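Below is one structure; the comments refer to it alone.
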Amino acid sequence: MLKIITEIEINKKMIDFFKLEKTMKKIFLTLATCAVFTFNANVFAGDASAGKAKAGMCSACHGANGISANPMWPNLKGQKAAYVSKQLKAFKSGARKDPMMAGIVAALSDADMDNLGAYFEGL
Ligand code: HEC
């Protein structure tokens, strides 16, 4: 009798252990996923030197160093890469409308926009 009870207890403990293991696996997977997203956020930065190569066509309005001479054209020097890239994508999709920028972004790929963001952030 005592032996049976002990076996039942042991089985319960084993089940608890496996439940815990499952929970730990879930936690681990969640952490791993977060780590991947953090990593992507860093990678997102883009390639500043590739951005520089494309930035020539921006300087007419936004200035050679990202500081514009015209009050209607925003400065881009030091602007956050993610913001610049997001705005460029918005101009391209039409979510943000500006006749000048619409013409400019038409020829840019997503990677070009990320690279331009990295370039202006680094100025
Ligand atoms: C013909 C002039 C012109 C050229 C060339 C031009 N832009 Fe612009 N850009 C503008 C104007 C005007 C605005 C402001 C639009 C508005 O008022 O919404 C603007 C806005 C922006 C913004 C949004 C800034 C903010 O603070 O929200 C970004 C980013 C930008 N331009 C990037 C670029 C990049 C990168 C290039 C080159 C690939 C470029 N522009 C070329 C005129 C120009």
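Just remember, in the structure tokens the first chain shown is A, the second B, etc., residues are 1-based per chain, and ligands are 1-based in the order shown.
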inquiry  = Quick one: residues within 12 Å of Ala48 (chain A), only C-alpha atoms, excluding same-chain residues fewer than 5 positions away - as a PyMOL selection string?
reply    = chain A and resi 53-55+81+111-123
request  = Find the residues near ligand 1. Use a cut-off of 6 Å, count only C-alpha atoms and all ligand atoms, and write them as JSON, numbers by chain.
outcome  = {"A": [55, 57, 58, 60, 61, 72, 73, 74, 84, 87, 88, 98, 100, 101, 104, 116]}
If you keep N, CA and C atoms, can you produce a file of those selected residues as a PDB file, in the first residue's frame?
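Contents of result_4.pdb, freshly written:
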```
ATOM      1  N   ALA A  55      22.477  59.819 -52.138  1.00  0.00           N
ATOM      2  CA  ALA A  55      22.041  61.077 -51.516  1.00  0.00           C
ATOM      3  C   ALA A  55      22.312  62.304 -52.384  1.00  0.00           C
ATOM      4  N   MET A  57      21.104  63.143 -55.148  1.00  0.00           N
ATOM      5  CA  MET A  57      19.871  63.723 -55.692  1.00  0.00           C
ATOM      6  C   MET A  57      19.004  64.380 -54.614  1.00  0.00           C
ATOM      7  N   CYS A  58      19.391  64.255 -53.369  1.00  0.00           N
ATOM      8  CA  CYS A  58      18.629  64.889 -52.288  1.00  0.00           C
ATOM      9  C   CYS A  58      19.174  66.275 -51.989  1.00  0.00           C
ATOM     10  N   ALA A  60      20.024  68.880 -53.679  1.00  0.00           N
ATOM     11  CA  ALA A  60      19.475  70.074 -54.314  1.00  0.00           C
ATOM     12  C   ALA A  60      18.457  70.741 -53.388  1.00  0.00           C
ATOM     13  N   CYS A  61      17.709  69.966 -52.663  1.00  0.00           N
ATOM     14  CA  CYS A  61      16.684  70.539 -51.778  1.00  0.00           C
ATOM     15  C   CYS A  61      17.094  70.465 -50.307  1.00  0.00           C
ATOM     16  N   MET A  72      11.058  75.733 -46.628  1.00  0.00           N
ATOM     17  CA  MET A  72      10.020  74.749 -46.943  1.00  0.00           C
ATOM     18  C   MET A  72      10.581  73.316 -47.009  1.00  0.00           C
ATOM     19  N   TRP A  73      11.903  73.193 -47.015  1.00  0.00           N
ATOM     20  CA  TRP A  73      12.514  71.872 -47.148  1.00  0.00           C
ATOM     21  C   TRP A  73      13.182  71.487 -45.833  1.00  0.00           C
ATOM     22  N   PRO A  74      12.757  70.399 -45.242  1.00  0.00           N
ATOM     23  CA  PRO A  74      13.293  70.026 -43.919  1.00  0.00           C
ATOM     24  C   PRO A  74      14.771  69.631 -43.943  1.00  0.00           C
ATOM     25  N   VAL A  84      13.598  58.466 -41.211  1.00  0.00           N
ATOM     26  CA  VAL A  84      13.821  58.836 -42.616  1.00  0.00           C
ATOM     27  C   VAL A  84      13.294  57.728 -43.532  1.00  0.00           C
ATOM     28  N   GLN A  87       9.503  57.602 -43.559  1.00  0.00           N
ATOM     29  CA  GLN A  87       8.892  58.694 -44.324  1.00  0.00           C
ATOM     30  C   GLN A  87       9.032  58.442 -45.822  1.00  0.00           C
ATOM     31  N   LEU A  88      10.205  57.962 -46.233  1.00  0.00           N
ATOM     32  CA  LEU A  88      10.424  57.696 -47.659  1.00  0.00           C
ATOM     33  C   LEU A  88       9.441  56.631 -48.153  1.00  0.00           C
ATOM     34  N   ASP A  98       3.497  64.461 -51.020  1.00  0.00           N
ATOM     35  CA  ASP A  98       4.209  65.687 -51.361  1.00  0.00           C
ATOM     36  C   ASP A  98       4.661  65.520 -52.807  1.00  0.00           C
ATOM     37  N   MET A 100       6.910  66.913 -54.651  1.00  0.00           N
ATOM     38  CA  MET A 100       8.360  66.851 -54.902  1.00  0.00           C
ATOM     39  C   MET A 100       8.915  65.502 -54.478  1.00  0.00           C
ATOM     40  N   MET A 101       8.591  65.077 -53.269  1.00  0.00           N
ATOM     41  CA  MET A 101       9.129  63.819 -52.744  1.00  0.00           C
ATOM     42  C   MET A 101       8.582  62.607 -53.504  1.00  0.00           C
ATOM     43  N   ILE A 104      10.773  61.828 -56.314  1.00  0.00           N
ATOM     44  CA  ILE A 104      12.105  61.370 -55.888  1.00  0.00           C
ATOM     45  C   ILE A 104      12.084  59.888 -55.482  1.00  0.00           C
ATOM     46  N   LEU A 116      19.675  55.340 -47.081  1.00  0.00           N
ATOM     47  CA  LEU A 116      19.620  56.804 -46.985  1.00  0.00           C
ATOM     48  C   LEU A 116      19.387  57.224 -45.533  1.00  0.00           C
TER      49      LEU A 116
END
```
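Here CA of Gly51 (chain A) is placed at a distance of 18.4 Å from CA of Ala102 (chain A).
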key: Distance of CA of Leu108 (chain A) from CA of Gly63 (chain A), expressed in Å to one decimal place   =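 CA of Gly63 (chain A) sits 19.0 Å away from CA of Leu108 (chain A).
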inquiry  = Between CA of Gly56 (chain A) and CA of Asn70 (chain A), what is the distance in Å, rounded to a tenth?
reply    =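 Distance between the two atoms: 17.1 Å.
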key: Backbone DSSP call of helix (DSSP H, G or I) for region 77-112 of chain A, listed as a VMD selection string   = chain A and resid 81 to 93 99 to 105 110 to 112
Could you turn the residues from that selection into a file that holds N, CA and C atoms, as an mmCIF file, in the first residue's frame?
```cif
data_model
loop_
_atom_site.group_PDB
_atom_site.id
_atom_site.type_symbol
_atom_site.label_atom_id
_atom_site.label_comp_id
_atom_site.auth_asym_id
_atom_site.auth_seq_id
_atom_site.Cartn_x
_atom_site.Cartn_y
_atom_site.Cartn_z
ATOM 1 N N ALA A 81 17.505 57.241 -38.496
ATOM 2 C CA ALA A 81 17.464 56.398 -39.698
ATOM 3 C C ALA A 81 16.087 55.786 -39.911
ATOM 4 N N ALA A 82 15.510 55.262 -38.837
ATOM 5 C CA ALA A 82 14.213 54.583 -38.967
ATOM 6 C C ALA A 82 13.133 55.572 -39.408
ATOM 7 N N TYR A 83 13.241 56.828 -38.920
ATOM 8 C CA TYR A 83 12.249 57.844 -39.289
ATOM 9 C C TYR A 83 12.379 58.212 -40.767
ATOM 10 N N VAL A 84 13.598 58.466 -41.211
ATOM 11 C CA VAL A 84 13.821 58.836 -42.616
ATOM 12 C C VAL A 84 13.294 57.728 -43.532
ATOM 13 N N SER A 85 13.680 56.486 -43.198
ATOM 14 C CA SER A 85 13.265 55.356 -44.009
ATOM 15 C C SER A 85 11.732 55.231 -44.027
ATOM 16 N N LYS A 86 11.127 55.407 -42.854
ATOM 17 C CA LYS A 86 9.668 55.292 -42.763
ATOM 18 C C LYS A 86 8.968 56.373 -43.597
ATOM 19 N N GLN A 87 9.503 57.602 -43.559
ATOM 20 C CA GLN A 87 8.892 58.694 -44.324
ATOM 21 C C GLN A 87 9.032 58.442 -45.822
ATOM 22 N N LEU A 88 10.205 57.962 -46.233
ATOM 23 C CA LEU A 88 10.424 57.696 -47.659
ATOM 24 C C LEU A 88 9.441 56.631 -48.153
ATOM 25 N N LYS A 89 9.253 55.591 -47.315
ATOM 26 C CA LYS A 89 8.315 54.526 -47.701
ATOM 27 C C LYS A 89 6.880 55.059 -47.755
ATOM 28 N N ALA A 90 6.584 55.989 -46.843
ATOM 29 C CA ALA A 90 5.235 56.580 -46.830
ATOM 30 C C ALA A 90 5.009 57.438 -48.076
ATOM 31 N N PHE A 91 6.050 58.183 -48.503
ATOM 32 C CA PHE A 91 5.920 58.973 -49.742
ATOM 33 C C PHE A 91 5.688 58.031 -50.924
ATOM 34 N N LYS A 92 6.412 56.908 -50.913
ATOM 35 C CA LYS A 92 6.299 55.977 -52.039
ATOM 36 C C LYS A 92 4.919 55.311 -52.092
ATOM 37 N N SER A 93 4.415 54.926 -50.928
ATOM 38 C CA SER A 93 3.109 54.247 -50.907
ATOM 39 C C SER A 93 1.954 55.231 -51.124
ATOM 40 N N PRO A 99 4.275 66.467 -53.686
ATOM 41 C CA PRO A 99 4.579 66.289 -55.117
ATOM 42 C C PRO A 99 6.074 66.180 -55.396
ATOM 43 N N MET A 100 6.910 66.913 -54.651
ATOM 44 C CA MET A 100 8.360 66.851 -54.902
ATOM 45 C C MET A 100 8.915 65.502 -54.478
ATOM 46 N N MET A 101 8.591 65.077 -53.269
ATOM 47 C CA MET A 101 9.129 63.819 -52.744
ATOM 48 C C MET A 101 8.582 62.607 -53.504
ATOM 49 N N ALA A 102 7.351 62.702 -53.987
ATOM 50 C CA ALA A 102 6.752 61.572 -54.711
ATOM 51 C C ALA A 102 7.601 61.218 -55.933
ATOM 52 N N GLY A 103 8.069 62.248 -56.638
ATOM 53 C CA GLY A 103 8.899 62.015 -57.823
ATOM 54 C C GLY A 103 10.242 61.401 -57.452
ATOM 55 N N ILE A 104 10.773 61.828 -56.314
ATOM 56 C CA ILE A 104 12.105 61.370 -55.888
ATOM 57 C C ILE A 104 12.084 59.888 -55.482
ATOM 58 N N VAL A 105 11.102 59.492 -54.706
ATOM 59 C CA VAL A 105 11.110 58.136 -54.135
ATOM 60 C C VAL A 105 10.722 57.048 -55.137
ATOM 61 N N ASP A 110 13.358 49.648 -51.214
ATOM 62 C CA ASP A 110 13.301 49.649 -49.751
ATOM 63 C C ASP A 110 14.706 49.726 -49.148
ATOM 64 N N ALA A 111 15.637 48.983 -49.756
ATOM 65 C CA ALA A 111 17.012 48.980 -49.240
ATOM 66 C C ALA A 111 17.648 50.357 -49.408
ATOM 67 N N ASP A 112 17.392 51.016 -50.562
ATOM 68 C CA ASP A 112 17.920 52.378 -50.779
ATOM 69 C C ASP A 112 17.437 53.298 -49.651
#
```
request  = Go through A:Lys19, A:Gly66, A:Lys80, A:Lys13 one by one, measure the shortest atom-to-atom distance of each to Lys52 (chain A) using only C-alpha atoms, and give the residue with the smallest value.
outcome  = A:Gly66
